[in-house]
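Structure first, then comments.
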Amino acid sequence: MSAARNQEQPQYKAVLEAPEIRRALTRIAHEILERTKGGSDVVLLGVQTRGVNLARMLCRRLEEVEGLKIPCGSLDVTMYRDDLRMKPARAIGRTELPGDGIDDKVVVLVDDVLFSGRTIRAALDALNDLGRPRAVQLAVLVDRGHRELPIRADYVGKNLPTSLKETVKVLLGDVDGRDAVLLGPKTDPKGDDGK
Amino acid sequence: MKRHLISAADLSRDDALLVLDTAEELARVSSRSVKKLPTLRGRTVVNLFFEDSTRTRISFEAAAKRLSADVINFSAKGSSVSKGESLKDTALTLEAMGADGVVIRHGASGAPYRLADWVNGNVVNAGDGTHEHPTQALLDAFTMRRHLGDLDGRRITIVGDVLHSRVARSNVLLLSTLGAQVTLVAPPTLLPVSVGTWPCEVSYDLDGTLPKSDAVMMLRVQRERMNAAYFPTVREYSRRYGLSADRYAHLPEHAIVMHPGPMNRGVEIAAEVADSTRSTIVEQVGNGVSVRMAVLYLLLGGSEPAIGAGE
């Protein structure tokens with residue numbers, strides 16, 4: 001990702017900075033605990049790549065709020081994407097489920113940006129091959145609209161109305177050295193995942 | 001545009017690492033309860049086997065099926081080849097059936113290279129004569145990487161019938177791409193004339209080489225390809241170039257013993273060495289499926305292949 005380089009470009013403006021991201025995650029942590037009646041049986045699964053870091057951040061927040069150790073894993077959906085044949089084959093990431101698996105658990109998928117909904121559809125297909133969760137919920141840091149499938153998030157950090165000519169970039173401390181959500185003009189007309 | 005995997009030399013260092021990393025992730029699929037990915041749904045892979053094979057054919061078939069591709073198996077026995085059909089006509093038949101990928105094993109060196117001109121699909125060489133067997137080299141490198149970590153600077157010794165071995169050539173090319181130092185050990189009669197041009201060292205002294213090896217790969221003495229006397233007796237070959245329990249004891253503690261199979265127990269490798277804890281022979285077969293899944297995915301999965309040779 002060229003996130004670090006784009007950070008320097010002036011046409012990107014920050015819509016969320018580190019403190020706001022922190023507050024959003026704290027609120028989502030509370031909402032998850034509320035909705036799942038205390039967070040028992042909850043498993044967080046971050047969608048590769050930024051979703052994995054977000055899931056870990058959310059996991060730490062849940063521990064601070066309630067002292068709960070929530071199992072946290074990662075999910076790579078590359079092999080389930082519906083746009084595989086539109087681009088050259090790409091490297092795949094790691095899928096790592098927590099020790100107890102996801103059978104009969106409440107799986108909360110975590111991703112950075114919710115856009116067309118196609119990544120989440122792929123994630124639902126991937127989950128189908130990995131086990132049978134009791135319920136699947138979705139937490140995203142930013143919902144930028146423009147859905148192409150009947151999918152909605154259960155927990156949203158920020159609803160961000162955007163135009164299709166714009167692109168949303170999420171920077172996270174572990175990978176990019178800074179927490180921020182940036183909004184800027186679309187640079188690559190073929191980049192269709194909007195991140 | 002890159003399309004085929006015919007020689008291990010088609011892979012750059014980045015390509016090879018991409019295959020190995022992809023295989024590492026795909027290996028996890030083999031431990032799930034649903035061992036299937038939808039990635040190649042609707043694509044057709046033809047396994048074209050003009051020569052006998054157990055491991056490679058089953059491995060390619062399992063790999064393609066785990067990626068949800070449709071698999072057509074073709075073996076020369078019982079086909080129109082026995083009525084005299086040429087390779088080109090067989091290829092055109094496949095073309096008419098719309099094969100997206102063709103996996104070919106052939107007794108003649110260079111057959112996959114010719115086939116690549118005749119079909120639109122991506123060609124994967126599954127062993128051609130005494131030339132190359134790139135996916136075997138990839139699975140060997142994958143196995144070594146799991147045991148030894150990064151292969152940069154590692155010393156790999158390949159022992160035996162190099163002359164008739166497509167595995168040796170592919171391994172030398174791939175391992176040198178990955179930065180390993182390869183030493184071939186064989187009787188002078190079982191080394192190809194051109195071995196001086198290969199990116200490796202040559203030795204006739206197995207006992208001197210073993211203590212410095214991180215991995216030793218024993219090759220099968222391919223008697224079916226031998227039309228002359230390459231060594232006086234099997235017993236003498238075994239004494240000088242076989243991996244006996246005695247020689248095994250001189251290997252470094254961490255070194256692994258490999259064999260591409262099928263092996264002649266008691267000739268190039270002693271039975272107790274083949275069954276020892278540091279032997280990866282069975283593991284190599286399992287890794288073959290993951291590596292071949294990676295190759296098929298990277299060649300067929302996207303709009304264009306991510307690895308391999310040019311047009």
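Ordered as shown in the structure tokens, chains take letters A, B, and onward, while each chain numbers its residues from 1 and ligands are numbered from 1 in the order shown.
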List every residue of chain B that has an atom at most 8 Å from any atom of chain A, and for each one report the closest atom pair and its distance in Å to one decimal, counting only C-alpha atoms, with rows sorted by chain and then by increasing residue number, as JSON lines.
```
{"residue": "B:Leu18", "atom": "CA", "partner": "A:Ala91", "partner_atom": "CA", "distance": 7.0}
{"residue": "B:Thr22", "atom": "CA", "partner": "A:Ile92", "partner_atom": "CA", "distance": 6.2}
{"residue": "B:Glu25", "atom": "CA", "partner": "A:Arg94", "partner_atom": "CA", "distance": 6.0}
{"residue": "B:Arg32", "atom": "CA", "partner": "A:Leu130", "partner_atom": "CA", "distance": 7.1}
{"residue": "B:Ser33", "atom": "CA", "partner": "A:Leu130", "partner_atom": "CA", "distance": 7.4}
{"residue": "B:Val34", "atom": "CA", "partner": "A:Asp129", "partner_atom": "CA", "distance": 5.6}
{"residue": "B:Lys36", "atom": "CA", "partner": "A:Asp129", "partner_atom": "CA", "distance": 7.8}
{"residue": "B:Leu37", "atom": "CA", "partner": "A:Met79", "partner_atom": "CA", "distance": 6.7}
{"residue": "B:Pro38", "atom": "CA", "partner": "A:Tyr80", "partner_atom": "CA", "distance": 6.3}
{"residue": "B:Thr39", "atom": "CA", "partner": "A:Met79", "partner_atom": "CA", "distance": 5.2}
{"residue": "B:Tyr297", "atom": "CA", "partner": "A:Ala89", "partner_atom": "CA", "distance": 7.2}
{"residue": "B:Leu298", "atom": "CA", "partner": "A:Ala89", "partner_atom": "CA", "distance": 5.4}
{"residue": "B:Leu299", "atom": "CA", "partner": "A:Ala89", "partner_atom": "CA", "distance": 7.4}
{"residue": "B:Leu300", "atom": "CA", "partner": "A:Ala89", "partner_atom": "CA", "distance": 7.7}
{"residue": "B:Gly301", "atom": "CA", "partner": "A:Ala89", "partner_atom": "CA", "distance": 5.4}
{"residue": "B:Gly302", "atom": "CA", "partner": "A:Ala89", "partner_atom": "CA", "distance": 3.9}
{"residue": "B:Ser303", "atom": "CA", "partner": "A:Arg85", "partner_atom": "CA", "distance": 4.5}
{"residue": "B:Glu304", "atom": "CA", "partner": "A:Pro88", "partner_atom": "CA", "distance": 4.8}
{"residue": "B:Pro305", "atom": "CA", "partner": "A:Pro88", "partner_atom": "CA", "distance": 6.1}
{"residue": "B:Ala306", "atom": "CA", "partner": "A:Ala89", "partner_atom": "CA", "distance": 5.6}
```
Subject >> strand (DSSP E) call set, DSSP backbone run, segment 97-146 of chain A, as a list in words >> reply: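 Taking segment 97-146 of chain A and keeping strand (DSSP E) gives Val106, Val107, Val108, Leu109, Val110, Asp111, Asp112, Val113, Leu114, Ala135, Val136, Gln137, Leu138, Ala139, Val140, Leu141, Val142 and Asp143 of chain A.
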Write a file of the just-selected residues containing N, CA and C atoms, as a PDB file, in the first residue's frame.
```
ATOM      1  N   VAL A 106     -20.503 -16.099  18.502  1.00  0.00           N
ATOM      2  CA  VAL A 106     -20.977 -14.898  17.823  1.00  0.00           C
ATOM      3  C   VAL A 106     -19.757 -14.251  17.180  1.00  0.00           C
ATOM      4  N   VAL A 107     -19.668 -14.342  15.860  1.00  0.00           N
ATOM      5  CA  VAL A 107     -18.498 -13.810  15.156  1.00  0.00           C
ATOM      6  C   VAL A 107     -18.749 -12.352  14.800  1.00  0.00           C
ATOM      7  N   VAL A 108     -17.867 -11.480  15.234  1.00  0.00           N
ATOM      8  CA  VAL A 108     -17.945 -10.083  14.810  1.00  0.00           C
ATOM      9  C   VAL A 108     -16.834  -9.855  13.795  1.00  0.00           C
ATOM     10  N   LEU A 109     -17.241  -9.658  12.519  1.00  0.00           N
ATOM     11  CA  LEU A 109     -16.262  -9.332  11.477  1.00  0.00           C
ATOM     12  C   LEU A 109     -15.839  -7.886  11.654  1.00  0.00           C
ATOM     13  N   VAL A 110     -14.559  -7.612  11.526  1.00  0.00           N
ATOM     14  CA  VAL A 110     -14.069  -6.250  11.681  1.00  0.00           C
ATOM     15  C   VAL A 110     -13.349  -5.834  10.407  1.00  0.00           C
ATOM     16  N   ASP A 111     -13.760  -4.701   9.825  1.00  0.00           N
ATOM     17  CA  ASP A 111     -13.076  -4.205   8.631  1.00  0.00           C
ATOM     18  C   ASP A 111     -12.915  -2.701   8.753  1.00  0.00           C
ATOM     19  N   ASP A 112     -12.028  -2.140   7.937  1.00  0.00           N
ATOM     20  CA  ASP A 112     -11.798  -0.696   8.063  1.00  0.00           C
ATOM     21  C   ASP A 112     -12.878   0.123   7.367  1.00  0.00           C
ATOM     22  N   VAL A 113     -13.113  -0.156   6.061  1.00  0.00           N
ATOM     23  CA  VAL A 113     -14.082   0.645   5.306  1.00  0.00           C
ATOM     24  C   VAL A 113     -15.164  -0.259   4.736  1.00  0.00           C
ATOM     25  N   LEU A 114     -16.410   0.101   4.932  1.00  0.00           N
ATOM     26  CA  LEU A 114     -17.514  -0.614   4.283  1.00  0.00           C
ATOM     27  C   LEU A 114     -17.931   0.211   3.068  1.00  0.00           C
ATOM     28  N   ALA A 135     -24.111 -16.557  15.241  1.00  0.00           N
ATOM     29  CA  ALA A 135     -24.516 -15.317  14.571  1.00  0.00           C
ATOM     30  C   ALA A 135     -23.277 -14.634  14.029  1.00  0.00           C
ATOM     31  N   VAL A 136     -23.464 -13.842  12.980  1.00  0.00           N
ATOM     32  CA  VAL A 136     -22.351 -13.059  12.437  1.00  0.00           C
ATOM     33  C   VAL A 136     -22.754 -11.596  12.464  1.00  0.00           C
ATOM     34  N   GLN A 137     -21.885 -10.755  13.030  1.00  0.00           N
ATOM     35  CA  GLN A 137     -22.141  -9.318  13.030  1.00  0.00           C
ATOM     36  C   GLN A 137     -20.978  -8.613  12.366  1.00  0.00           C
ATOM     37  N   LEU A 138     -21.192  -7.341  12.052  1.00  0.00           N
ATOM     38  CA  LEU A 138     -20.159  -6.608  11.315  1.00  0.00           C
ATOM     39  C   LEU A 138     -19.854  -5.280  11.998  1.00  0.00           C
ATOM     40  N   ALA A 139     -18.561  -5.056  12.244  1.00  0.00           N
ATOM     41  CA  ALA A 139     -18.119  -3.775  12.791  1.00  0.00           C
ATOM     42  C   ALA A 139     -17.167  -3.121  11.800  1.00  0.00           C
ATOM     43  N   VAL A 140     -17.421  -1.851  11.457  1.00  0.00           N
ATOM     44  CA  VAL A 140     -16.508  -1.144  10.550  1.00  0.00           C
ATOM     45  C   VAL A 140     -16.149   0.217  11.137  1.00  0.00           C
ATOM     46  N   LEU A 141     -14.956   0.676  10.797  1.00  0.00           N
ATOM     47  CA  LEU A 141     -14.542   1.992  11.288  1.00  0.00           C
ATOM     48  C   LEU A 141     -15.261   3.093  10.510  1.00  0.00           C
ATOM     49  N   VAL A 142     -15.346   2.901   9.182  1.00  0.00           N
ATOM     50  CA  VAL A 142     -15.992   3.910   8.335  1.00  0.00           C
ATOM     51  C   VAL A 142     -16.992   3.235   7.412  1.00  0.00           C
ATOM     52  N   ASP A 143     -18.208   3.785   7.349  1.00  0.00           N
ATOM     53  CA  ASP A 143     -19.175   3.341   6.339  1.00  0.00           C
ATOM     54  C   ASP A 143     -19.284   4.467   5.325  1.00  0.00           C
TER      55      ASP A 143
END
```
Subject >> Non-local contacts of segment 210-225 of chain B (8 Å; only C-alpha atoms; under 2 positions in same chain excluded) as a ChimeraX atom specification >> reply: /B:144,148,154-162,164-165,168,206-208,227,243,247,250-252,254-264,267-269
Write out, as a compact mmCIF listing (two decimals), in the first residue's frame, the residues just selected, with N, CA, C and O atoms.
```
# COMPACT_ATOMS: atom_id res chain seq x y z
N MET B 144 12.17 -27.66 2.56
CA MET B 144 13.41 -27.19 3.20
C MET B 144 13.16 -25.93 4.00
O MET B 144 13.68 -25.76 5.09
N LEU B 148 14.32 -25.44 7.65
CA LEU B 148 15.59 -24.71 7.79
C LEU B 148 15.40 -23.21 7.82
O LEU B 148 16.35 -22.47 8.06
N ARG B 154 22.17 -21.52 2.57
CA ARG B 154 22.10 -22.91 3.02
C ARG B 154 22.83 -23.81 2.04
O ARG B 154 22.89 -23.54 0.85
N ARG B 155 23.38 -24.91 2.55
CA ARG B 155 24.09 -25.85 1.68
C ARG B 155 23.23 -27.08 1.45
O ARG B 155 22.86 -27.78 2.39
N ILE B 156 22.90 -27.32 0.19
CA ILE B 156 22.06 -28.45 -0.18
C ILE B 156 22.90 -29.41 -1.02
O ILE B 156 23.57 -28.98 -1.97
N THR B 157 22.87 -30.68 -0.67
CA THR B 157 23.61 -31.68 -1.43
C THR B 157 22.63 -32.59 -2.16
O THR B 157 21.71 -33.12 -1.54
N ILE B 158 22.83 -32.74 -3.46
CA ILE B 158 21.97 -33.62 -4.26
C ILE B 158 22.83 -34.77 -4.74
O ILE B 158 23.88 -34.55 -5.36
N VAL B 159 22.42 -36.00 -4.41
CA VAL B 159 23.28 -37.15 -4.63
C VAL B 159 22.61 -38.16 -5.56
O VAL B 159 21.44 -38.50 -5.36
N GLY B 160 23.37 -38.65 -6.56
CA GLY B 160 22.87 -39.79 -7.33
C GLY B 160 22.82 -39.54 -8.81
O GLY B 160 23.65 -38.83 -9.37
N ASP B 161 21.80 -40.10 -9.43
CA ASP B 161 21.68 -40.13 -10.89
C ASP B 161 21.25 -38.78 -11.44
O ASP B 161 20.11 -38.59 -11.83
N VAL B 162 22.19 -37.84 -11.46
CA VAL B 162 21.87 -36.49 -11.94
C VAL B 162 21.59 -36.50 -13.44
O VAL B 162 20.73 -35.78 -13.94
N HIS B 164 20.04 -38.55 -15.42
CA HIS B 164 18.68 -38.86 -15.86
C HIS B 164 17.62 -38.13 -15.04
O HIS B 164 16.45 -38.42 -15.15
N SER B 165 18.06 -37.19 -14.19
CA SER B 165 17.11 -36.61 -13.25
C SER B 165 16.64 -35.23 -13.68
O SER B 165 17.42 -34.30 -13.81
N ALA B 168 16.82 -33.00 -10.35
CA ALA B 168 18.09 -32.36 -9.99
C ALA B 168 18.24 -31.03 -10.72
O ALA B 168 18.56 -30.01 -10.11
N LEU B 206 31.17 -38.21 -1.36
CA LEU B 206 29.98 -38.04 -0.53
C LEU B 206 30.34 -37.83 0.94
O LEU B 206 29.78 -36.96 1.60
N ASP B 207 31.31 -38.62 1.43
CA ASP B 207 31.65 -38.54 2.86
C ASP B 207 32.20 -37.16 3.25
O ASP B 207 32.00 -36.70 4.36
N GLY B 208 32.88 -36.51 2.29
CA GLY B 208 33.43 -35.19 2.59
C GLY B 208 32.36 -34.11 2.57
O GLY B 208 32.48 -33.08 3.22
N ASN B 227 20.57 -47.12 -20.78
CA ASN B 227 20.78 -48.07 -21.86
C ASN B 227 22.24 -48.47 -21.96
O ASN B 227 22.71 -48.96 -22.95
N LEU B 243 23.03 -43.52 0.82
CA LEU B 243 22.98 -42.93 2.16
C LEU B 243 22.69 -44.04 3.15
O LEU B 243 21.54 -44.41 3.40
N ARG B 247 26.57 -43.26 7.18
CA ARG B 247 26.74 -41.90 6.63
C ARG B 247 25.74 -40.95 7.26
O ARG B 247 26.05 -39.78 7.52
N HIS B 250 26.81 -39.04 10.17
CA HIS B 250 27.75 -37.94 9.98
C HIS B 250 27.10 -36.63 9.55
O HIS B 250 27.77 -35.63 9.39
N LEU B 251 25.80 -36.66 9.36
CA LEU B 251 25.09 -35.43 8.99
C LEU B 251 25.00 -34.52 10.20
O LEU B 251 24.93 -34.99 11.34
N PRO B 252 24.97 -33.20 9.99
CA PRO B 252 24.75 -32.29 11.12
C PRO B 252 23.39 -32.59 11.78
O PRO B 252 22.47 -33.09 11.12
N HIS B 254 20.84 -30.81 12.55
CA HIS B 254 19.61 -30.20 12.04
C HIS B 254 19.30 -30.62 10.60
O HIS B 254 18.25 -30.27 10.07
N ALA B 255 20.20 -31.35 9.97
CA ALA B 255 20.04 -31.63 8.54
C ALA B 255 18.87 -32.57 8.28
O ALA B 255 18.54 -33.42 9.10
N ILE B 256 18.24 -32.38 7.12
CA ILE B 256 17.11 -33.24 6.75
C ILE B 256 17.49 -34.10 5.55
O ILE B 256 18.37 -33.75 4.76
N VAL B 257 16.80 -35.24 5.44
CA VAL B 257 17.04 -36.17 4.34
C VAL B 257 15.81 -36.16 3.44
O VAL B 257 14.69 -36.35 3.91
N MET B 258 16.05 -35.94 2.15
CA MET B 258 14.92 -35.85 1.23
C MET B 258 15.07 -36.85 0.09
O MET B 258 16.18 -37.30 -0.21
N HIS B 259 13.95 -37.18 -0.52
CA HIS B 259 13.95 -38.05 -1.69
C HIS B 259 12.69 -37.74 -2.47
O HIS B 259 11.61 -37.71 -1.90
N PRO B 260 12.80 -37.48 -3.78
CA PRO B 260 11.59 -37.11 -4.53
C PRO B 260 10.66 -38.31 -4.76
O PRO B 260 9.52 -38.12 -5.16
N GLY B 261 11.14 -39.52 -4.50
CA GLY B 261 10.31 -40.69 -4.70
C GLY B 261 10.11 -40.98 -6.17
O GLY B 261 10.26 -40.08 -6.98
N PRO B 262 9.78 -42.16 -6.58
CA PRO B 262 9.78 -43.38 -5.76
C PRO B 262 11.21 -43.82 -5.44
O PRO B 262 12.09 -43.59 -6.23
N MET B 263 11.41 -44.40 -4.26
CA MET B 263 12.79 -44.73 -3.89
C MET B 263 13.07 -46.23 -3.98
O MET B 263 12.17 -47.05 -3.87
N ASN B 264 14.34 -46.52 -4.23
CA ASN B 264 14.81 -47.91 -4.18
C ASN B 264 15.49 -48.10 -2.83
O ASN B 264 16.65 -47.74 -2.67
N VAL B 267 19.28 -49.23 -2.23
CA VAL B 267 20.20 -48.82 -3.29
C VAL B 267 20.74 -47.42 -2.97
O VAL B 267 21.85 -47.29 -2.45
N GLU B 268 19.93 -46.37 -3.22
CA GLU B 268 20.46 -45.03 -2.94
C GLU B 268 20.21 -44.60 -1.49
O GLU B 268 20.85 -43.68 -1.01
N ILE B 269 19.28 -45.26 -0.82
CA ILE B 269 18.99 -44.87 0.56
C ILE B 269 18.67 -46.13 1.38
O ILE B 269 17.94 -47.02 0.91
```
Subject >> Nearby residues (only C-alpha atoms) at most 10 Å from Lys77 of chain B, same-chain spacing under 6 positions excluded, as a ChimeraX atom specification >> reply: /B:49-52
Subject >> Long-range neighbours of segment 155-169 of chain A as a PyMOL selection string, 7 Å cut-off, only C-alpha atoms, 2 positions minimum in chain >> reply: chain A and resi 24-25+28+138-145+153+171+181-186+194-195
Original post:
Where does DSSP see alpha helix (DSSP H) in chain A, if you list the residues as a ChimeraX atom specification?
Top reply: /A:3-8,18-35,50-66,118-130,173-176
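As for atom CA of Arg105 of chain B and atom CA of Asp128 of chain B, they are spaced 5.7 Å apart.
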Subject >> segment 114-122 of chain B surroundings by only C-alpha atoms, 10 Å radius, close-in-sequence under 5 positions cut, as a ChimeraX atom specification >> reply: /B:2-6,44-46,87-96,98-104,109,296,299-300,304-305,308,311
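Between Gln136 of chain B and the candidates B:Asn47, B:Val234, B:Ser86, B:Ser170, the tightest atom-to-atom separation, counting only C-alpha atoms, involves B:Ser170.
Excluding Ser59 of chain B itself and same-chain residues fewer than 4 positions from it, the residues having an atom within 10 Å of it are Thr54, Arg55, Ala63, Ala64, Lys65, Val285, Gly286, Asn287, Gly288, Val289, Ser290, Val291, Arg292 and Met293 of chain B, counting only C-alpha atoms.
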Selection above as a file: N, CA and C atoms, as a PDB file, in the first residue's frame:
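Produced file out.pdb, reproduced below:
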```
ATOM      1  N   THR B  54       2.518 -41.613 -10.018  1.00  0.00           N
ATOM      2  CA  THR B  54       1.533 -41.756  -8.959  1.00  0.00           C
ATOM      3  C   THR B  54       1.411 -40.426  -8.248  1.00  0.00           C
ATOM      4  N   ARG B  55       2.490 -40.068  -7.562  1.00  0.00           N
ATOM      5  CA  ARG B  55       2.513 -38.869  -6.739  1.00  0.00           C
ATOM      6  C   ARG B  55       2.075 -37.611  -7.473  1.00  0.00           C
ATOM      7  N   ALA B  63      -4.878 -30.893  -5.985  1.00  0.00           N
ATOM      8  CA  ALA B  63      -4.690 -29.440  -5.926  1.00  0.00           C
ATOM      9  C   ALA B  63      -5.774 -28.729  -6.724  1.00  0.00           C
ATOM     10  N   ALA B  64      -6.010 -29.197  -7.951  1.00  0.00           N
ATOM     11  CA  ALA B  64      -7.018 -28.548  -8.798  1.00  0.00           C
ATOM     12  C   ALA B  64      -8.404 -28.690  -8.188  1.00  0.00           C
ATOM     13  N   LYS B  65      -8.699 -29.855  -7.613  1.00  0.00           N
ATOM     14  CA  LYS B  65     -10.031 -30.074  -7.033  1.00  0.00           C
ATOM     15  C   LYS B  65     -10.238 -29.233  -5.788  1.00  0.00           C
ATOM     16  N   VAL B 285       5.416 -35.292  -0.008  1.00  0.00           N
ATOM     17  CA  VAL B 285       4.226 -35.611  -0.807  1.00  0.00           C
ATOM     18  C   VAL B 285       3.065 -34.696  -0.395  1.00  0.00           C
ATOM     19  N   GLY B 286       2.870 -34.535   0.912  1.00  0.00           N
ATOM     20  CA  GLY B 286       1.785 -33.672   1.403  1.00  0.00           C
ATOM     21  C   GLY B 286       1.994 -32.235   0.971  1.00  0.00           C
ATOM     22  N   ASN B 287       3.245 -31.769   1.053  1.00  0.00           N
ATOM     23  CA  ASN B 287       3.538 -30.394   0.649  1.00  0.00           C
ATOM     24  C   ASN B 287       3.305 -30.183  -0.840  1.00  0.00           C
ATOM     25  N   GLY B 288       3.418 -31.276  -1.616  1.00  0.00           N
ATOM     26  CA  GLY B 288       3.219 -31.176  -3.055  1.00  0.00           C
ATOM     27  C   GLY B 288       1.852 -30.610  -3.392  1.00  0.00           C
ATOM     28  N   VAL B 289       0.827 -30.996  -2.658  1.00  0.00           N
ATOM     29  CA  VAL B 289      -0.524 -30.512  -2.949  1.00  0.00           C
ATOM     30  C   VAL B 289      -0.599 -29.001  -2.724  1.00  0.00           C
ATOM     31  N   SER B 290      -0.062 -28.518  -1.612  1.00  0.00           N
ATOM     32  CA  SER B 290      -0.132 -27.083  -1.316  1.00  0.00           C
ATOM     33  C   SER B 290       0.615 -26.272  -2.361  1.00  0.00           C
ATOM     34  N   VAL B 291       1.804 -26.759  -2.745  1.00  0.00           N
ATOM     35  CA  VAL B 291       2.614 -26.018  -3.711  1.00  0.00           C
ATOM     36  C   VAL B 291       1.929 -25.996  -5.077  1.00  0.00           C
ATOM     37  N   ARG B 292       1.328 -27.115  -5.464  1.00  0.00           N
ATOM     38  CA  ARG B 292       0.660 -27.147  -6.770  1.00  0.00           C
ATOM     39  C   ARG B 292      -0.611 -26.313  -6.759  1.00  0.00           C
ATOM     40  N   MET B 293      -1.287 -26.240  -5.599  1.00  0.00           N
ATOM     41  CA  MET B 293      -2.423 -25.315  -5.492  1.00  0.00           C
ATOM     42  C   MET B 293      -1.943 -23.892  -5.728  1.00  0.00           C
TER      43      MET B 293
END
```
**OP:** Go through A:Arg134, A:Arg22, A:Arg56, A:His146 and flag the residue nearest Ser116 of chain A, using only C-alpha atoms for the distances.
**Re:**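 Selected residue with least distance to Ser116 of chain A: A:His146.
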Subject >> Nearest candidate to Leu124 of chain A (options A:Cys72, A:Val175, A:Cys59, A:Ile151; using only C-alpha atoms) >> reply: A:Ile151
**OP:** Enter the distance from atom CA of Asp21 of chain B to atom CA of Ser74 of chain A, in Å, rounded to one decimal.
**Re:** 16.9 Å
Original post:
Out of A:Ile102, A:Leu16, A:Leu75, A:Ala180, which residue has the shortest atom-to-atom distance to Thr49 of chain A when counting only C-alpha atoms?
Top reply: A:Leu75
Original post:
If you measure from atom CA of Ala69 of chain B to atom CA of Gly42 of chain B, what distance in Å do you get, rounded to one decimal?
Top reply: 6.1 Å
